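Here is the structure we will look at, set down as structure tokens.
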Amino acid sequence: MKRLFFIGIRSEFYYTRLILGLVGVMGYWSFSDGLYAQTSESSLPSVEEPFGQQVMISMESYAYTPSEIVVKAGIPLTLTLSNESFLVPHNFLLDDPSGIRLVDADISSGDTKAVTLTLTEPGIYTFYCNKQLLFFPTHREQGMEGRLIVR
Ligand SMILES: [Cu+2]
């Protein structure tokens with residue numbers, strides 16, 4: 001299972017964030033769980049992501065890549081969903097830990113859609129595709145599902 005540890009929009013905004021962090025304009029937080037241990041900015045004060053969290057998810061037959069995503073609670077999250085399948089429609093259903101549907105997005109073959117939401121409760125959210133051709137198993141049953149871990 002592939003893992004994606006979200007670390008912010010590094011390329012474009014890294015230096016802006018670095019400078020803002022150094023002058024301490026917007027405060028900072030620290031993480032003790034090692035989530036940022038692999039980044040060079042881990043020891044520097046960091047500002048809240050001013051542009052939110054961005055995650056790209058590609059949809060194939062029958063999988064999401066990545067299928068496991070770790071994000072932070074309370075910060076807007078934009079999921080950009082791309083259907084890479086040829087002639088196969090997919091959807092993206094996201095349920096919260098108690099099973100309440102938060103996102104229901106249909107994405108046609110070759111299309112891309114962005115969904116923005118803010119998840120305030122830490123926990124394990126599940127996402128999957130329930131499309132189905134005739135009497136065949138659903139896409140979820142064929143492996144098209146994943147986990148969104150909110151910390
Ligand atoms: Cu599907």
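By convention in this document, the chains of the structure tokens carry letters A, B, ... by their order, each chain's residues are numbered from 1, and ligands are numbered from 1 in the order they are shown.
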Excluding Ala105 in chain A and residues on its chain fewer than 2 positions from it, collect all residues at most 7 Å away from it, counting only C-alpha atoms, and give them as a PyMOL selection string. chain A and resi 91-93+103+107
Quick one: contact table of chain A to ligand 1, 8 Å max, nearest atom pair and distance in Å to one decimal per residue, counting only C-alpha atoms and all ligand atoms, chain and number order, as a Markdown table?
```
| residue | atom | partner | partner_atom_place_in_ligand_line | distance |
| --- | --- | --- | --- | --- |
| A:Met59 | CA | ligand 1 | 1 (Cu) | 7.5 |
| A:Glu60 | CA | ligand 1 | 1 (Cu) | 7.5 |
| A:Ser61 | CA | ligand 1 | 1 (Cu) | 6.5 |
| A:Tyr62 | CA | ligand 1 | 1 (Cu) | 6.2 |
| A:Ala63 | CA | ligand 1 | 1 (Cu) | 7.8 |
| A:Val88 | CA | ligand 1 | 1 (Cu) | 7.2 |
| A:Pro89 | CA | ligand 1 | 1 (Cu) | 6.1 |
| A:His90 | CA | ligand 1 | 1 (Cu) | 3.5 |
| A:Asn91 | CA | ligand 1 | 1 (Cu) | 5.7 |
| A:Phe92 | CA | ligand 1 | 1 (Cu) | 7.9 |
| A:Tyr128 | CA | ligand 1 | 1 (Cu) | 7.8 |
| A:Cys129 | CA | ligand 1 | 1 (Cu) | 4.6 |
| A:Asn130 | CA | ligand 1 | 1 (Cu) | 6.3 |
| A:Lys131 | CA | ligand 1 | 1 (Cu) | 5.0 |
| A:Gln132 | CA | ligand 1 | 1 (Cu) | 7.4 |
| A:Thr138 | CA | ligand 1 | 1 (Cu) | 7.7 |
| A:His139 | CA | ligand 1 | 1 (Cu) | 4.8 |
| A:Arg140 | CA | ligand 1 | 1 (Cu) | 7.1 |
| A:Met144 | CA | ligand 1 | 1 (Cu) | 6.5 |
```
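Residue nearest Val55 in chain A, chosen from A:Ser67, A:Thr118, A:Ser109, A:Thr80 and counting only C-alpha atoms: A:Thr80.
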Just give me the gap between CA of Phe136 in chain A and CA of Gly110 in chain A in Å, one decimal is fine.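 These two atoms are separated by 22.2 Å.
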Quick one: distance from CA of Gly52 in chain A to CA of Ala114 in chain A in Å, one decimal?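 Calculated distance between CA of Gly52 in chain A and CA of Ala114 in chain A is 13.1 Å.
Rounded to one decimal, CA of Thr120 in chain A and CA of Arg151 in chain A lie 9.2 Å from each other.
All residues of protein, DNA or RNA that reach within 9 Å of Leu117 in chain A, judged by only C-alpha atoms and not counting those fewer than 2 positions away in the chain, are Ile75, Pro76, Leu77, Thr78, Leu79, Leu102, Val103, Val115 and Leu119 of chain A.
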Export of prior selection with N, CA, C and O atoms as a tab-separated table (two decimals), in the first residue's frame:
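File produced: result-v9.tsv:
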```
chain	number	residue	atom	x	y	z
A	75	ILE	N	-7.54	21.85	8.68
A	75	ILE	CA	-6.95	22.66	7.61
A	75	ILE	C	-7.64	22.24	6.31
A	75	ILE	O	-7.77	21.05	6.04
A	76	PRO	N	-8.11	23.22	5.52
A	76	PRO	CA	-8.79	22.85	4.29
A	76	PRO	C	-7.98	21.87	3.44
A	76	PRO	O	-6.76	21.99	3.32
A	77	LEU	N	-8.68	20.90	2.91
A	77	LEU	CA	-8.06	19.83	2.12
A	77	LEU	C	-8.70	19.83	0.74
A	77	LEU	O	-9.92	19.75	0.63
A	78	THR	N	-7.87	19.95	-0.28
A	78	THR	CA	-8.38	19.84	-1.65
A	78	THR	C	-7.89	18.54	-2.26
A	78	THR	O	-6.69	18.29	-2.32
A	79	LEU	N	-8.84	17.72	-2.66
A	79	LEU	CA	-8.54	16.47	-3.33
A	79	LEU	C	-8.78	16.67	-4.82
A	79	LEU	O	-9.88	17.05	-5.22
A	102	LEU	N	-19.52	12.04	3.15
A	102	LEU	CA	-19.08	13.43	3.07
A	102	LEU	C	-18.89	13.90	1.64
A	102	LEU	O	-19.07	15.08	1.33
A	103	VAL	N	-18.47	13.00	0.77
A	103	VAL	CA	-18.21	13.36	-0.63
A	103	VAL	C	-18.82	12.28	-1.52
A	103	VAL	O	-18.70	11.09	-1.22
A	115	VAL	N	-12.25	18.60	-5.14
A	115	VAL	CA	-13.20	18.68	-4.03
A	115	VAL	C	-12.45	19.28	-2.84
A	115	VAL	O	-11.36	18.82	-2.51
A	119	LEU	N	-11.71	18.65	7.31
A	119	LEU	CA	-12.04	17.57	8.24
A	119	LEU	C	-11.53	17.95	9.62
A	119	LEU	O	-10.33	18.15	9.81
```
